[in-house]
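Visitor: So that we are looking at the same thing, I have put the structure below in structure tokens.
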Amino acid sequence: MSENENRNRRPEESSKLPYLSLGVLVLMIAGLLYVGYEYIADDAADVDQLLNTPLDTTGRELQPIPNENDQLSTVPQSSKETTSSTAEEKTNDSPKVEETVTPTPRPADEDEIKKTEEKTPEKPKPVAVDPGGVEITHTVQSGETFYGIANRYNLKSGTLKGMNPVIKDESTDVKSGVTRIKVRVQAVHTVGPGDILRVVAEKYGVTVEQLMAANKKTKNFTERGEKLIIPFPEKK
């Protein structure tokens with residue numbers, strides 16, 4: 001048994017290792033505690049310093065922040081005067097512009113304006129038109145007008161004007177019993193035996209009413225040897 005005990009016995013040097021580890025651990029803990037104590041002590045000193053600092057009781061007032069509008073309003077008066085004087089000098093130095101008054105054109109006389117307004121455009125000159133047929137002369141009777149004569153012979157007023165260029169104004173140049181107007185008709189028919197208005201009208205292709213109007217008849221009656229004016233069947 002003694003031999004077995006000698007074989008299983010642990011060496012004495014190996015039993016010292018746990019004690020060394022424990023000692024190292026204790027030292028580390030002690031170091032950490034020391035460092036933490038120093039940190040806490042420094043913070044406490046700073047707090048005490050802040051608390052023990054005396055307040056500034058000199059009564060200084062906070063100065064307001066200057067505003068841009070206040071700065072503009074506090075411009076010295078001397079600078080304003082300098083600016084105004086400079087502006088006046090520039091105004092005096094600038095060239096003067098002479099004011100030229102242009103006379104307003106006078107309106108034309110009222111009489112001239114009225115005359116201009118009263119001027120009527122020139123009427124086109126009538127062109128002579130030859131409708132054919134036979135030319136006769138008509139003496140203007142009382143109550144007759146230029147247009148009435150044209151309708152009587154179934155003529156257009158322009159055609160009648162072209163045949164009578166002497167007449168410029170129908171209202172003044174046509175006078176009863178004086179003015180003789182050239183007129184064109186289809187024919188002049190001498191009434192013979194059995195020539196009644198209906199027969200004559202059918203012969204020349206006109207109506208009885210046209211035939212009576214051209215001859216200024218109020219009754220459907222003709223006499224032997226009478227000369228009947230035959231108008232155109234259509235306006236020429």
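Each chain of the structure tokens is named A, B, ... in the order shown, its residues numbered from 1; ligands are numbered from 1 in display order.
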Within 8 Å of A:Val183, counting only C-alpha atoms, which residues qualify if same-chain residues fewer than 3 places away don't, as a list in words?
Guide: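 Within the cut-off, the hits are Glu135, Ile136, Thr137, His138, Tyr153, Leu160 and Met163 of chain A.
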Visitor: What lies within 12 Å of A:Val199 using only C-alpha atoms, ignoring chain neighbours under 6 positions off, as a PyMOL selection string?
Guide: chain A and resi 189+191-193+205-208+211+220-222
Visitor: To one decimal place in Å, what is the distance between atom CA of A:Lys182 and atom CA of A:Pro231?
Guide: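 It comes out at 13.9 Å.
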Visitor: Quick one: distance from atom CA of A:Arg180 to atom CA of A:Val140 in Å, one decimal?
Guide: 6.2 Å
Visitor: Do a neighbour search on A:Ile229 at 7 Å with only C-alpha atoms, toss out local chain neighbours closer than 5 positions, and write the hits as number ranges by chain.
Guide: A: 187-189, 214-215
Visitor: Can those selected residues be exported to a file as a PDB file, in the first residue's frame so that it contains all heavy atoms?
Guide:
```
ATOM      1  N   ALA A 187     -92.169 100.172-133.096  1.00  0.00           N
ATOM      2  CA  ALA A 187     -92.670 100.604-134.410  1.00  0.00           C
ATOM      3  C   ALA A 187     -93.780 101.620-134.204  1.00  0.00           C
ATOM      4  O   ALA A 187     -94.238 101.843-133.077  1.00  0.00           O
ATOM      5  CB  ALA A 187     -93.177  99.415-135.225  1.00  0.00           C
ATOM      6  N   VAL A 188     -94.185 102.236-135.317  1.00  0.00           N
ATOM      7  CA  VAL A 188     -95.352 103.124-135.335  1.00  0.00           C
ATOM      8  C   VAL A 188     -96.332 102.532-136.357  1.00  0.00           C
ATOM      9  O   VAL A 188     -96.019 102.418-137.545  1.00  0.00           O
ATOM     10  CB  VAL A 188     -94.963 104.564-135.710  1.00  0.00           C
ATOM     11  CG1 VAL A 188     -96.202 105.431-135.792  1.00  0.00           C
ATOM     12  CG2 VAL A 188     -93.956 105.137-134.721  1.00  0.00           C
ATOM     13  N   HIS A 189     -97.529 102.155-135.848  1.00  0.00           N
ATOM     14  CA  HIS A 189     -98.506 101.447-136.678  1.00  0.00           C
ATOM     15  C   HIS A 189     -99.682 102.380-136.991  1.00  0.00           C
ATOM     16  O   HIS A 189    -100.207 103.031-136.093  1.00  0.00           O
ATOM     17  CB  HIS A 189     -99.029 100.207-135.960  1.00  0.00           C
ATOM     18  CG  HIS A 189    -100.083  99.476-136.701  1.00  0.00           C
ATOM     19  ND1 HIS A 189     -99.813  98.607-137.744  1.00  0.00           N
ATOM     20  CD2 HIS A 189    -101.457  99.478-136.573  1.00  0.00           C
ATOM     21  CE1 HIS A 189    -100.924  98.100-138.209  1.00  0.00           C
ATOM     22  NE2 HIS A 189    -101.949  98.619-137.515  1.00  0.00           N
ATOM     23  N   ALA A 214     -98.652 103.041-123.790  1.00  0.00           N
ATOM     24  CA  ALA A 214     -97.738 103.753-124.677  1.00  0.00           C
ATOM     25  C   ALA A 214     -98.455 104.862-125.441  1.00  0.00           C
ATOM     26  O   ALA A 214     -97.866 105.914-125.742  1.00  0.00           O
ATOM     27  CB  ALA A 214     -97.087 102.779-125.658  1.00  0.00           C
ATOM     28  N   ASN A 215     -99.731 104.655-125.720  1.00  0.00           N
ATOM     29  CA  ASN A 215    -100.490 105.671-126.459  1.00  0.00           C
ATOM     30  C   ASN A 215    -101.373 106.513-125.541  1.00  0.00           C
ATOM     31  O   ASN A 215    -102.195 107.282-126.039  1.00  0.00           O
ATOM     32  CB  ASN A 215    -101.352 104.986-127.519  1.00  0.00           C
ATOM     33  CG  ASN A 215    -100.495 104.357-128.622  1.00  0.00           C
ATOM     34  OD1 ASN A 215    -100.119 105.011-129.596  1.00  0.00           O
ATOM     35  ND2 ASN A 215    -100.181 103.079-128.452  1.00  0.00           N
TER      36      ASN A 215
END
```
Visitor: Can you measure atom CA of A:Asn151 to atom CA of A:Lys236 for me? One decimal in Å is fine.
Guide: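 Atom CA of A:Lys236 lies 10.4 Å from atom CA of A:Asn151.
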